[in-house]
Amino acid sequence: MVKKTIHEINDRIRDGSVNVVTAEEMVDIVGELGAEGAAKEVDVVTTGTFGAMCSSGVWLNFGHSEPPIRISKMWLNDVEAYSGVAAVDAYIGATQQSQSKGMDYGGAHVIEDLVRGNSIDIHGISPGTDCYPRKVIDTTINIYDLNQAIMLNPRNSYQKYNAATNSTNHTLHTYMGALLPHNGNVTYSGAGVLSPMHNDPNYETIGTGTRIFLGGTQGYVVGEGTQHSPAAGFGTLMLKGDLKEMSPEYIRAATFKGYGSSLYVGMGIPIPVLNEDIAKATAVTDDDIVTNVLDYGVPSRDRPVLRTVTYGELRSGSIDINGKEVPTSPMSSFKKSREIANELKQWIRNGEFFVSMPVERLPRDTACNAMKQTNANPHVMDIMSSDVTTIREDAGFHDAAKVIMEKQFNHLPVVDSGNHLVGIVTAWDISKAVAKDEHNLVKDIMTRKVVTASPDEAVDVSAFKLDSNNVSALPVIDSNRHVVGIVTSDDISKLLARRH
Amino acid sequence: MMIKINIAADIVTKPILAESIMETGALLNISQAHFDPTRGEVVAEITSDQFRKIKDSLVGKGAEVLVLDTPISRDEEECVECGACISVCPVKVFSFADDWSLEVDSDKCIQCGTCIKMCPHNALTLGH
C-alpha cells in the first residue's frame, strides 16, 4: 500500500521533483501502471471546470464617506447589492438583475466589470443616524478603490449536474439555455473526466481550507456548498478568493435569454495522491459518470427523468431519446476546463502552489430537502370552473355566439368529433367575424394554438402561463385532451383576493 | 445565396411570392418566414443564376430584396467555446474540433439567428 503525506508532496514541489498530471492524463497512467503504480509515480492530479455558477457573488467594502453613511440599500450600475450588514459592506450576487436594463445586465456583469478594472456607478441610501448622518451617496469607483473585494460563492462546482430537454411544443428559455420543442436538443453542464469533486468522490482531500484555483488565482474551499447532497452525487462547494487578483479569462458574465444573468466561474482543485485509493478515484472517466436527462417541460420541482446517460454519451454530440437521435450541447467549456487543469499543473510544477489537507472534512450524509411550505399551495382543480361548455369545430359561429351569450362567459373551448380540444373561440373572435361580415364556421375563426392547464398543476404555473402568453383563460384538459374545466385570470384574481 | 425579402403592409395580403415563383420558375428555398398584418419578412436560399430574375419580379411587385452575404460571425474574445450553440443550429454550423475548440462553418449558415439567442456570452452576431 502506497502512503504519502502532504508534507512529502510539498517538499517535492519545493525542490522541483514533483510529478503532476491532469485528471485526463491520469486515466491512461492508471490504465498502464495500475492504481498502486500510479500512486507511486504521480504526486498530484489537477482538475478543472468552467461553467455557469449562478450561486456566486462578491463581498465589497467601500470604506467610509465624509460625512459617513450606514448604507441600507444600494445599487451598483443599477443592480441592487445586499447591504444590510454594518455600514459600507455589500454583497453583489451574480443573478440580481439591473433595474433599468433588466435581464441583459446583472450582478455577474458588475463582477466582470470590476475584474476588468472598469468604473462602477454607486448609489446608496440610508435612514440616517446620529453616528451616520448621511442619507444618500452617489459615487463612481473601480476595484482598486475598494478595501476588499472577496468572492464568496455559496454553491459552486456541482459534482455533476442533470442534463435538460423539453417535451413541450414550444421553446423554453432556461438557465440550461434554449430547449427546443419535442425534445429537439439536450443541454448539459460539468467537466466530466476533469470534474473536481468526481475525482475525489469521498472528499478525502477536498474540504474546509483546501487551497484551489479560483478565477485565475489561489482561492480556498470554505466548506460544503448549499444544497450539498453527496449521497446523490450532487456535492457542492462554498468557495472564496480575492477578486482583485482574478482574471476575466476565468470570471465571465453570461446572459441566458429569458432567464437572466449568471457567472461563468473557472475553478480547479489539485488532488494530492496520498494513496492508491485516491489514485484509483482520479482515473474516473466520462463513461463512469452517470446523470439524468430531465424534462424541463414539466414546471415542477420533480421533473420527470427521461433516461440516465453518461457524460461520455453526452459529449459524443447526440443521445437517443425515445428512439430519436437528439443533438447535445454543453453549457460549460471543456477547453477552458482543460486550460485550468493545465495552468494549475504548471503552478505546482513551478513551485508557486502548494497542496493542502482540509482542516475539516465535508459532510457525506447531508441531503437537499424540499422547501417546507406551510401555506396551502392551490392547484388548478381547486379553483377551475368545471361547468364548462364546449363547441364542435364544425358548428357555425352564430351557435358559438349564442352559447357565449347564454352562459355569459368569454371563452369557448372547441373540440373535434372525438371531443379532443382543438381550439378556443372568444367573444372577440366572434365580434371580428361579425364586423367582417363573414359567415364562417367555428373552426375558421378559432385560435388553434391553445395554451392549456392540467388539473394538478399549481395555480402559480397557470398564472405564469396566462401572463407570459398574454391570454385570459386556459382550458383545463386531461391526458386525452378532453376538456375538464377552464381557469381564467378572474379565478386567479379571486384566489389572490382571498389570500390577502 | 441567401436573400431576405421584405414585404410592406400594403402588399402583405397579396400572394406575391407565389406569383414571382410561378412567373420566373425560380426555386426559392424558404428557411424562415414571419408575417403579421403590418409586414412580412422571408429569408430564403436561391441559386445565384436565378437571383436576378426573382429579384426583378419581386421588386416589380413592391417587395424589397436584400442579399444576406454576411453570415454568423463570432467574437473570439467573448466566446468561451462552451458549445451551447451547437445543438440549436438547424444546419450544424457549429462543431467541436479534436481539442474542443469551437469550429464555425459559416458557409452552411442560413442566418436564422437561433444561435444568437442561445449564446450566453453574446459572442454571435449576424452581419445584416
# chains A, B, ... in the order shown; residues from 1 in each chain; ligands from 1
$ select_by_dssp --residues "chain B" --states "strand (DSSP E or B)" --output "PyMOL selection string"
chain B and resi 2-7+29-36+39-45+64-68+73-74+94-96+102-104+124-125
$ interface_residues --of "chain B" --to "chain A" --cutoff "12 Å" --atoms "only C-alpha atoms" --output "number ranges by chain"
B: 77-92, 94-102, 114-123
$ write_last_selection --atoms "C-alpha atoms" --output "mmCIF file, in the first residue's frame"
data_model
loop_
_atom_site.group_PDB
_atom_site.id
_atom_site.type_symbol
_atom_site.label_atom_id
_atom_site.label_comp_id
_atom_site.auth_asym_id
_atom_site.auth_seq_id
_atom_site.Cartn_x
_atom_site.Cartn_y
_atom_site.Cartn_z
ATOM 1 C CA GLU B 77 -12.781 37.494 -27.229
ATOM 2 C CA GLU B 78 -16.287 36.970 -25.865
ATOM 3 C CA CYS B 79 -16.676 33.309 -26.863
ATOM 4 C CA VAL B 80 -15.646 30.850 -24.167
ATOM 5 C CA GLU B 81 -16.087 27.890 -26.536
ATOM 6 C CA CYS B 82 -18.715 26.220 -24.375
ATOM 7 C CA GLY B 83 -20.597 24.914 -27.408
ATOM 8 C CA ALA B 84 -24.081 25.959 -26.262
ATOM 9 C CA CYS B 85 -24.745 26.986 -29.875
ATOM 10 C CA ILE B 86 -24.160 23.506 -31.278
ATOM 11 C CA SER B 87 -27.453 21.764 -30.555
ATOM 12 C CA VAL B 88 -29.812 24.583 -31.560
ATOM 13 C CA CYS B 89 -28.364 25.188 -35.029
ATOM 14 C CA PRO B 90 -30.625 23.543 -37.624
ATOM 15 C CA VAL B 91 -27.824 23.195 -40.200
ATOM 16 C CA LYS B 92 -24.861 22.216 -37.985
ATOM 17 C CA PHE B 94 -21.015 24.729 -35.119
ATOM 18 C CA SER B 95 -18.947 21.749 -34.006
ATOM 19 C CA PHE B 96 -16.031 20.856 -31.778
ATOM 20 C CA ALA B 97 -12.542 20.230 -33.141
ATOM 21 C CA ASP B 98 -10.490 17.411 -31.605
ATOM 22 C CA ASP B 99 -9.086 19.806 -28.993
ATOM 23 C CA TRP B 100 -12.612 21.000 -28.032
ATOM 24 C CA SER B 101 -12.177 24.335 -29.778
ATOM 25 C CA LEU B 102 -15.360 25.613 -31.372
ATOM 26 C CA THR B 114 -31.306 30.930 -33.248
ATOM 27 C CA CYS B 115 -27.716 30.596 -32.019
ATOM 28 C CA ILE B 116 -27.556 34.320 -31.191
ATOM 29 C CA LYS B 117 -30.293 33.894 -28.598
ATOM 30 C CA MET B 118 -28.646 30.753 -27.240
ATOM 31 C CA CYS B 119 -25.137 32.159 -26.726
ATOM 32 C CA PRO B 120 -24.705 33.039 -23.013
ATOM 33 C CA HIS B 121 -21.858 35.440 -23.789
ATOM 34 C CA ASN B 122 -23.357 37.481 -26.654
ATOM 35 C CA ALA B 123 -20.474 36.330 -28.831
#
$ residues_around --residues "B:Val93" --least-positions-apart "3" --cutoff "8 Å" --atoms "only C-alpha atoms" --output "PyMOL selection string"
chain B and resi 86+89+104-109
$ write_last_selection --atoms "N, CA and C atoms" --output "CSV table (one decimal), in the first residue's frame"
chain,number,residue,atom,x,y,z
B,86,ILE,N,-24.2,24.7,-30.4
B,86,ILE,CA,-24.2,23.5,-31.3
B,86,ILE,C,-25.5,22.9,-31.5
B,89,CYS,N,-28.5,24.8,-33.6
B,89,CYS,CA,-28.4,25.2,-35.0
B,89,CYS,C,-29.0,24.1,-35.9
B,104,VAL,N,-16.5,27.0,-36.6
B,104,VAL,CA,-17.7,27.6,-37.2
B,104,VAL,C,-17.6,27.5,-38.7
B,105,ASP,N,-18.6,26.7,-39.3
B,105,ASP,CA,-18.6,26.6,-40.8
B,105,ASP,C,-19.7,27.5,-41.3
B,106,SER,N,-19.3,28.8,-41.5
B,106,SER,CA,-20.3,29.8,-41.8
B,106,SER,C,-20.9,29.7,-43.2
B,107,ASP,N,-20.3,28.9,-44.0
B,107,ASP,CA,-20.9,28.6,-45.4
B,107,ASP,C,-22.3,27.9,-45.3
B,108,LYS,N,-22.4,27.2,-44.2
B,108,LYS,CA,-23.7,26.5,-44.0
B,108,LYS,C,-24.8,27.3,-43.5
B,109,CYS,N,-24.4,28.5,-42.9
B,109,CYS,CA,-25.4,29.3,-42.1
B,109,CYS,C,-26.6,29.8,-43.0
$ residues_around --residues "B:Met22" --least-positions-apart "6" --cutoff "12 Å" --atoms "only C-alpha atoms" --output "VMD selection string"
chain B and resid 15 to 16 28 53 to 54 57 to 58
$ atom_distance --atom1 "atom CA of A:Asn342" --atom2 "atom CA of A:Val284"
17.6 Å
$ closest_residue --among "A:Asp467, A:Glu245, A:Asp491, A:Asp478" --to "A:Ile150" --atoms "only C-alpha atoms"
A:Glu245
$ atom_distance --atom1 "atom CA of A:Ile348" --atom2 "atom CA of A:Ile13"
6.4 Å
$ closest_residue --among "B:Ile21, B:Val67, B:Ile72, B:Ile110" --to "B:Ser48" --atoms "only C-alpha atoms"
B:Val67
$ residues_around --residues "B:Lys14" --least-positions-apart "5" --cutoff "12 Å" --atoms "only C-alpha atoms" --output "JSON, numbers by chain"
{"B": [7, 8, 9, 19, 20, 35, 37, 39, 40, 58, 61, 62, 63]}
$ write_last_selection --atoms "N, CA, C and O atoms" --output "mmCIF file, in the first residue's frame"
data_model
loop_
_atom_site.group_PDB
_atom_site.id
_atom_site.type_symbol
_atom_site.label_atom_id
_atom_site.label_comp_id
_atom_site.auth_asym_id
_atom_site.auth_seq_id
_atom_site.Cartn_x
_atom_site.Cartn_y
_atom_site.Cartn_z
ATOM 1 N N ILE B 7 -41.661 42.594 -47.147
ATOM 2 C CA ILE B 7 -42.938 42.876 -47.801
ATOM 3 C C ILE B 7 -43.704 43.885 -46.943
ATOM 4 O O ILE B 7 -44.007 43.601 -45.780
ATOM 5 N N ALA B 8 -43.998 45.036 -47.507
ATOM 6 C CA ALA B 8 -44.619 46.116 -46.726
ATOM 7 C C ALA B 8 -46.104 45.846 -46.479
ATOM 8 O O ALA B 8 -46.706 44.984 -47.123
ATOM 9 N N ALA B 9 -46.672 46.632 -45.561
ATOM 10 C CA ALA B 9 -48.038 46.401 -45.091
ATOM 11 C C ALA B 9 -49.069 46.405 -46.226
ATOM 12 O O ALA B 9 -49.973 45.571 -46.248
ATOM 13 N N GLU B 19 -46.672 34.314 -56.915
ATOM 14 C CA GLU B 19 -46.730 34.852 -58.288
ATOM 15 C C GLU B 19 -45.324 34.911 -58.889
ATOM 16 O O GLU B 19 -45.112 34.525 -60.039
ATOM 17 N N SER B 20 -44.358 35.383 -58.106
ATOM 18 C CA SER B 20 -42.993 35.524 -58.636
ATOM 19 C C SER B 20 -42.376 34.166 -58.940
ATOM 20 O O SER B 20 -41.652 34.010 -59.931
ATOM 21 N N PHE B 35 -44.863 36.675 -40.778
ATOM 22 C CA PHE B 35 -45.889 37.568 -41.316
ATOM 23 C C PHE B 35 -46.780 38.048 -40.198
ATOM 24 O O PHE B 35 -47.119 37.289 -39.299
ATOM 25 N N PRO B 37 -50.004 41.434 -39.687
ATOM 26 C CA PRO B 37 -50.786 42.351 -40.527
ATOM 27 C C PRO B 37 -50.002 43.569 -40.996
ATOM 28 O O PRO B 37 -50.422 44.263 -41.919
ATOM 29 N N ARG B 39 -46.462 43.648 -41.725
ATOM 30 C CA ARG B 39 -45.288 43.420 -42.578
ATOM 31 C C ARG B 39 -45.016 41.936 -42.744
ATOM 32 O O ARG B 39 -45.552 41.103 -42.002
ATOM 33 N N GLY B 40 -44.195 41.634 -43.727
ATOM 34 C CA GLY B 40 -43.755 40.261 -43.911
ATOM 35 C C GLY B 40 -42.260 40.239 -44.120
ATOM 36 O O GLY B 40 -41.665 41.193 -44.641
ATOM 37 N N LEU B 58 -39.904 40.304 -57.851
ATOM 38 C CA LEU B 58 -40.411 40.698 -56.531
ATOM 39 C C LEU B 58 -40.401 42.214 -56.358
ATOM 40 O O LEU B 58 -41.355 42.804 -55.857
ATOM 41 N N LYS B 61 -43.148 43.920 -57.909
ATOM 42 C CA LYS B 61 -44.427 43.793 -57.204
ATOM 43 C C LYS B 61 -44.420 44.560 -55.881
ATOM 44 O O LYS B 61 -45.340 44.443 -55.075
ATOM 45 N N GLY B 62 -43.361 45.318 -55.640
ATOM 46 C CA GLY B 62 -43.345 46.191 -54.469
ATOM 47 C C GLY B 62 -42.539 45.687 -53.290
ATOM 48 O O GLY B 62 -42.477 46.341 -52.248
ATOM 49 N N ALA B 63 -41.905 44.505 -53.404
ATOM 50 C CA ALA B 63 -41.120 43.986 -52.278
ATOM 51 C C ALA B 63 -39.699 44.558 -52.309
ATOM 52 O O ALA B 63 -39.268 45.117 -53.322
#
$ residues_around --residues "B:Gln50" --least-positions-apart "3" --cutoff "9 Å" --atoms "only C-alpha atoms" --output "ChimeraX atom specification"
/B:24-27,46-47,53-55
$ write_last_selection --atoms "N, CA, C and O atoms" --output "PDB file, in the first residue's frame"
ATOM      1  N   THR B  24     -41.305  33.234 -62.754  1.00  0.00           N
ATOM      2  CA  THR B  24     -39.889  33.090 -63.113  1.00  0.00           C
ATOM      3  C   THR B  24     -39.441  31.627 -63.125  1.00  0.00           C
ATOM      4  O   THR B  24     -38.413  31.304 -63.713  1.00  0.00           O
ATOM      5  N   GLY B  25     -40.180  30.772 -62.441  1.00  0.00           N
ATOM      6  CA  GLY B  25     -39.753  29.367 -62.341  1.00  0.00           C
ATOM      7  C   GLY B  25     -38.573  29.190 -61.402  1.00  0.00           C
ATOM      8  O   GLY B  25     -37.993  28.111 -61.292  1.00  0.00           O
ATOM      9  N   ALA B  26     -38.197  30.261 -60.717  1.00  0.00           N
ATOM     10  CA  ALA B  26     -37.044  30.186 -59.800  1.00  0.00           C
ATOM     11  C   ALA B  26     -37.457  29.425 -58.536  1.00  0.00           C
ATOM     12  O   ALA B  26     -38.548  29.635 -58.004  1.00  0.00           O
ATOM     13  N   LEU B  27     -36.566  28.536 -58.075  1.00  0.00           N
ATOM     14  CA  LEU B  27     -36.898  27.713 -56.911  1.00  0.00           C
ATOM     15  C   LEU B  27     -36.374  28.368 -55.637  1.00  0.00           C
ATOM     16  O   LEU B  27     -35.190  28.317 -55.331  1.00  0.00           O
ATOM     17  N   ILE B  46     -31.461  30.892 -52.787  1.00  0.00           N
ATOM     18  CA  ILE B  46     -31.717  30.868 -54.234  1.00  0.00           C
ATOM     19  C   ILE B  46     -30.376  30.681 -54.937  1.00  0.00           C
ATOM     20  O   ILE B  46     -29.349  31.148 -54.451  1.00  0.00           O
ATOM     21  N   THR B  47     -30.371  29.994 -56.057  1.00  0.00           N
ATOM     22  CA  THR B  47     -29.096  29.858 -56.782  1.00  0.00           C
ATOM     23  C   THR B  47     -28.740  31.205 -57.406  1.00  0.00           C
ATOM     24  O   THR B  47     -29.634  31.982 -57.768  1.00  0.00           O
ATOM     25  N   LYS B  53     -33.520  37.293 -61.791  1.00  0.00           N
ATOM     26  CA  LYS B  53     -34.897  37.320 -62.290  1.00  0.00           C
ATOM     27  C   LYS B  53     -35.923  37.325 -61.157  1.00  0.00           C
ATOM     28  O   LYS B  53     -36.927  38.023 -61.236  1.00  0.00           O
ATOM     29  N   ILE B  54     -35.639  36.602 -60.054  1.00  0.00           N
ATOM     30  CA  ILE B  54     -36.636  36.612 -58.966  1.00  0.00           C
ATOM     31  C   ILE B  54     -36.612  37.968 -58.266  1.00  0.00           C
ATOM     32  O   ILE B  54     -37.645  38.479 -57.846  1.00  0.00           O
ATOM     33  N   LYS B  55     -35.416  38.553 -58.179  1.00  0.00           N
ATOM     34  CA  LYS B  55     -35.338  39.875 -57.542  1.00  0.00           C
ATOM     35  C   LYS B  55     -36.157  40.890 -58.353  1.00  0.00           C
ATOM     36  O   LYS B  55     -36.968  41.633 -57.800  1.00  0.00           O
TER      37      LYS B  55
END
$ closest_residue --among "A:Thr205, A:Ser454, A:Ser479, A:Thr46" --to "A:Val359" --atoms "only C-alpha atoms"
A:Thr205
$ atom_distance --atom1 "atom CA of A:Gln97" --atom2 "atom CA of A:Ser56"
13.7 Å
$ residues_around --residues "stretch 108-112 of chain A" --least-positions-apart "3" --cutoff "8 Å" --atoms "only C-alpha atoms" --output "compact mmCIF listing (two decimals) with N, CA and C atoms, in the first residue's frame"
# COMPACT_ATOMS: atom_id res chain seq x y z
N GLY A 57 -21.02 35.33 -5.91
CA GLY A 57 -21.13 36.76 -5.60
C GLY A 57 -19.88 37.26 -4.89
N VAL A 58 -19.88 38.55 -4.60
CA VAL A 58 -18.67 39.18 -4.06
C VAL A 58 -19.03 40.11 -2.90
N LEU A 76 -25.27 49.02 -7.69
CA LEU A 76 -24.01 49.14 -8.42
C LEU A 76 -24.36 49.04 -9.90
N ASN A 77 -24.11 50.09 -10.66
CA ASN A 77 -24.56 50.15 -12.06
C ASN A 77 -26.03 49.75 -12.14
N VAL A 79 -27.72 47.75 -10.32
CA VAL A 79 -28.01 46.38 -9.87
C VAL A 79 -27.97 46.41 -8.34
N ILE A 92 -22.76 41.62 -3.71
CA ILE A 92 -23.39 41.66 -5.03
C ILE A 92 -23.51 40.22 -5.54
N GLY A 93 -24.74 39.80 -5.78
CA GLY A 93 -25.00 38.43 -6.24
C GLY A 93 -25.07 38.37 -7.75
N ALA A 94 -24.61 37.26 -8.32
CA ALA A 94 -24.47 37.15 -9.78
C ALA A 94 -25.80 37.26 -10.53
N THR A 95 -26.91 36.80 -9.93
CA THR A 95 -28.15 36.74 -10.72
C THR A 95 -29.07 37.95 -10.50
N GLN A 96 -28.67 38.86 -9.62
CA GLN A 96 -29.52 40.05 -9.43
C GLN A 96 -29.53 40.85 -10.72
N TYR A 105 -28.32 42.81 -18.13
CA TYR A 105 -27.18 43.20 -17.30
C TYR A 105 -27.52 42.85 -15.85
N VAL A 115 -13.66 43.07 -12.30
CA VAL A 115 -12.43 42.32 -12.61
C VAL A 115 -11.64 43.00 -13.73
N ARG A 116 -12.39 43.57 -14.68
CA ARG A 116 -11.71 44.23 -15.82
C ARG A 116 -11.18 45.62 -15.45
N ILE A 120 -17.56 51.72 -11.88
CA ILE A 120 -18.92 51.31 -11.50
C ILE A 120 -19.59 52.49 -10.80
N PRO A 248 -10.35 38.15 -16.10
CA PRO A 248 -11.57 37.97 -16.92
C PRO A 248 -11.51 36.72 -17.82
N ILE A 251 -13.40 34.57 -15.09
CA ILE A 251 -14.60 35.10 -14.44
C ILE A 251 -15.36 35.86 -15.53
N ARG A 252 -16.45 35.29 -15.97
CA ARG A 252 -17.11 35.86 -17.15
C ARG A 252 -18.62 35.90 -16.97
N ALA A 253 -19.19 37.09 -17.18
CA ALA A 253 -20.65 37.23 -17.06
C ALA A 253 -21.35 36.56 -18.23
N ALA A 254 -22.54 36.05 -17.97
CA ALA A 254 -23.32 35.41 -19.01
C ALA A 254 -24.76 35.87 -18.91
N SER A 261 -29.05 36.75 -15.73
CA SER A 261 -27.59 36.68 -15.73
C SER A 261 -27.07 35.57 -14.82
N SER A 262 -25.88 35.12 -15.15
CA SER A 262 -25.18 34.12 -14.36
C SER A 262 -23.69 34.37 -14.55
N LEU A 263 -22.90 33.72 -13.70
CA LEU A 263 -21.46 33.95 -13.78
C LEU A 263 -20.76 32.65 -14.17
